[in-house]
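> My questions all concern the structure below.
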Amino acid sequence: RIVTNNRHLRHGTQVHRSRNGRNIMVYLPSGREVKVDIGRFYHNVHITMPATDVSEGQGLCGKLSASSHEAFTHRDGYVNHHPCDSHHSYYGCQANHFCNSWQVNRTSSLFETPPPDPTPQDPEPHSCQCIKDANGHYQVDCRPGAQQPTKAQRCSDSSCQDVTSNLPAVLQGTGSGWAKRAVVYGDHDEPEPKFHPQDPIPFTANQTWPTPSGITKQAAEDRCMKSLQGSQLFSKCQSTSSFQKQKDDSFQDCMADVMFADSFDMVEAAVSGFASGCSFELIQDPGNYEKDADGNLLDLKPEFHAE
């Protein structure tokens, strides 16, 4: 279900989307960024927050704080410095108590109750960047985040284009790319079961090698490493300071996914996450951008785009 209002997107907001619709990038004028990569069996969501949001956000993604020790902050403010429950997974822990503390009830779930009508729109300050030019001089750029050359994230697919003006009217776009059918509408091809946040979802993950279907640890290691090395950005990111950690973390995530799911279906999710992490590092280096005759940064060089 989509609930709309009569407000338009804030000036400076941009939405980029790949041709196949599997990669979406949203830039907000405040400097906040939301990136979504959609696979056959997964959604990877990456959120970048500006410094003005420090200490203002917390939840399942952790607490936005200068201290990593506050990452596992429960809804009631309790900070769990040892989040692993007694039930450990093969590659880490399952922080069940932390996760459950953020479970929503039926009155606050968006599956049950639409959000209230928005308050009158307040001006939203734009973020500013200090950009270093070819001569080593810094310039302050206070244009909306989407218009600044050095973004924190980029749409994962090279086919991504700015579709802000072609958004459907129901999403408050400025164009008429799709027809608006109704203020509130949904897909009624078949009835959907009622969702209740408190309903338990039974799930028992496999935690042994070989898996029940016969996938061995060696086979999983070979498949995961080969897939990571096949990423378009793998060789480009080897010079970044965080390369080894990103590679190791993505490899461990891939191995855990294969073991828990008893399948190779989720391998591409780990590769997508690795590519996004690498892209984040590459974007921070001014040397990876094309420049105009005056040395001003233009767009990221094609070889540094993700798949």
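We label chains A, B, ... in the order they appear in the structure tokens, count residues from 1 in each chain, and number ligands from 1 in the order shown.
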Can you pull out the residues contacting Cys278 (chain A)? Cut-off 10 Å, using only C-alpha atoms, and skip same-chain residues under 5 positions away; I want them as a PyMOL selection string.

chain A and resi 233-234+236-238+240+242-243+246-247+272-273+283+304-306

> Go ahead and write the residues just picked, N, CA and C atoms, as a tab-separated table (two decimals), in the first residue's frame.


chain	number	residue	atom	x	y	z
A	233	LEU	N	35.29	-4.16	-9.22
A	233	LEU	CA	36.07	-3.24	-8.41
A	233	LEU	C	37.15	-3.92	-7.56
A	234	PHE	N	37.25	-5.24	-7.64
A	234	PHE	CA	38.18	-5.94	-6.76
A	234	PHE	C	39.61	-5.43	-6.93
A	236	LYS	N	40.57	-2.64	-8.37
A	236	LYS	CA	40.65	-1.20	-8.15
A	236	LYS	C	40.75	-0.85	-6.68
A	237	CYS	N	40.19	-1.70	-5.84
A	237	CYS	CA	40.11	-1.37	-4.41
A	237	CYS	C	41.30	-1.90	-3.60
A	238	GLN	N	42.19	-2.64	-4.24
A	238	GLN	CA	43.30	-3.22	-3.49
A	238	GLN	C	44.22	-2.17	-2.89
A	240	THR	N	43.16	0.64	-1.47
A	240	THR	CA	42.49	1.37	-0.41
A	240	THR	C	42.87	0.81	0.95
A	242	SER	N	41.10	0.14	3.53
A	242	SER	CA	40.18	-0.81	4.15
A	242	SER	C	39.96	-2.07	3.32
A	243	PHE	N	40.75	-2.25	2.26
A	243	PHE	CA	40.49	-3.35	1.34
A	243	PHE	C	40.51	-4.71	2.05
A	246	GLN	N	37.47	-5.22	4.27
A	246	GLN	CA	36.24	-5.39	3.50
A	246	GLN	C	36.20	-6.75	2.82
A	247	LYS	N	37.35	-7.18	2.30
A	247	LYS	CA	37.39	-8.49	1.65
A	247	LYS	C	37.12	-9.59	2.66
A	272	SER	N	27.73	-7.88	-3.81
A	272	SER	CA	27.13	-6.56	-3.92
A	272	SER	C	27.54	-5.68	-2.75
A	273	GLY	N	27.55	-6.26	-1.54
A	273	GLY	CA	27.96	-5.51	-0.37
A	273	GLY	C	29.42	-5.11	-0.43
A	283	ILE	N	35.21	6.65	-3.95
A	283	ILE	CA	34.55	7.93	-4.15
A	283	ILE	C	35.22	9.04	-3.34
A	304	PHE	N	35.84	3.28	-12.22
A	304	PHE	CA	35.62	3.18	-10.78
A	304	PHE	C	34.14	3.02	-10.44
A	305	HIS	N	33.32	2.86	-11.44
A	305	HIS	CA	31.91	2.58	-11.18
A	305	HIS	C	31.74	1.10	-10.83
A	306	ALA	N	30.79	0.82	-9.97
A	306	ALA	CA	30.48	-0.57	-9.65
A	306	ALA	C	29.80	-1.22	-10.83

> Fewer than 5 positions away in the same chain doesn't count, so skip those; otherwise give me all residues within 12 Å of Asn20 (chain A), counting only C-alpha atoms, as a list in words.

Asp37, Ile38, Gly39, Ser156, Asp157, Ser158, Ser159, Cys160 and Gln161 of chain A

> Nearest residue to His137 (chain A) out of A:Phe98, A:Arg22, A:Asn296, A:Met266, using only C-alpha atoms?

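Of all the options, A:Asn296 lies closest to His137 (chain A).
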
> Using only C-alpha atoms, which of A:Ser213, A:Asn44, A:Gln284, A:Thr208 sits nearest Ser241 (chain A)?

A:Gln284

> Might you pull out every residue within 6 Å of Glu290 (chain A), with only C-alpha atoms counted and same-chain residues fewer than 4 positions away left off, and present them as number ranges by chain?

A: 298-299, 301

> So how many Å separate CA of Thr48 (chain A) and CA of Gly277 (chain A), to one decimal?

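Taking CA of Thr48 (chain A) as the start and CA of Gly277 (chain A) as the end point, the length is 11.8 Å.
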
> Counting only C-alpha atoms, figure out which residue out of A:Asp265, A:Asp162, A:Asp53, A:Glu70 gets nearest to Asn23 (chain A).

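Ranked by minimum distance to Asn23 (chain A), first place goes to A:Asp162.
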
> Hey, can you check how far CA of Gln103 (chain A) sits from CA of Leu60 (chain A)?

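It comes out at 9.4 Å.
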
> Compile the contact shell of Gly62 (chain A) as a VMD selection string: residues with an atom at most 6 Å away, counting only C-alpha atoms, same-chain residues fewer than 2 positions apart removed.

chain A and resid 58 to 60 71 to 72

> Mind writing the picked residues with N, CA and C atoms as a short mmCIF file (atom, residue, chain, number, x, y, z; two decimals), in the first residue's frame?


data_model
loop_
_atom_site.label_atom_id
_atom_site.label_comp_id
_atom_site.auth_asym_id
_atom_site.auth_seq_id
_atom_site.Cartn_x
_atom_site.Cartn_y
_atom_site.Cartn_z
N GLN A 58 19.27 5.86 15.98
CA GLN A 58 19.63 4.56 16.53
C GLN A 58 18.58 3.54 16.12
N GLY A 59 18.94 2.28 16.24
CA GLY A 59 18.03 1.21 15.84
C GLY A 59 18.80 -0.04 15.50
N LEU A 60 18.23 -0.87 14.63
CA LEU A 60 18.88 -2.13 14.27
C LEU A 60 20.20 -1.92 13.55
N ALA A 71 27.13 0.83 19.69
CA ALA A 71 26.41 0.29 18.53
C ALA A 71 25.19 -0.52 18.95
N PHE A 72 25.35 -1.35 19.97
CA PHE A 72 24.24 -2.23 20.38
C PHE A 72 23.44 -1.57 21.50
#

> Give me the residues within 12 Å of Ala66 (chain A) as a PyMOL selection string, counting only C-alpha atoms and dropping any in the same chain fewer than 5 places off.

chain A and resi 51-57+71

> Could you check how far CA of Asp248 (chain A) sits from CA of Asn288 (chain A), in Å to one decimal?

24.2 Å
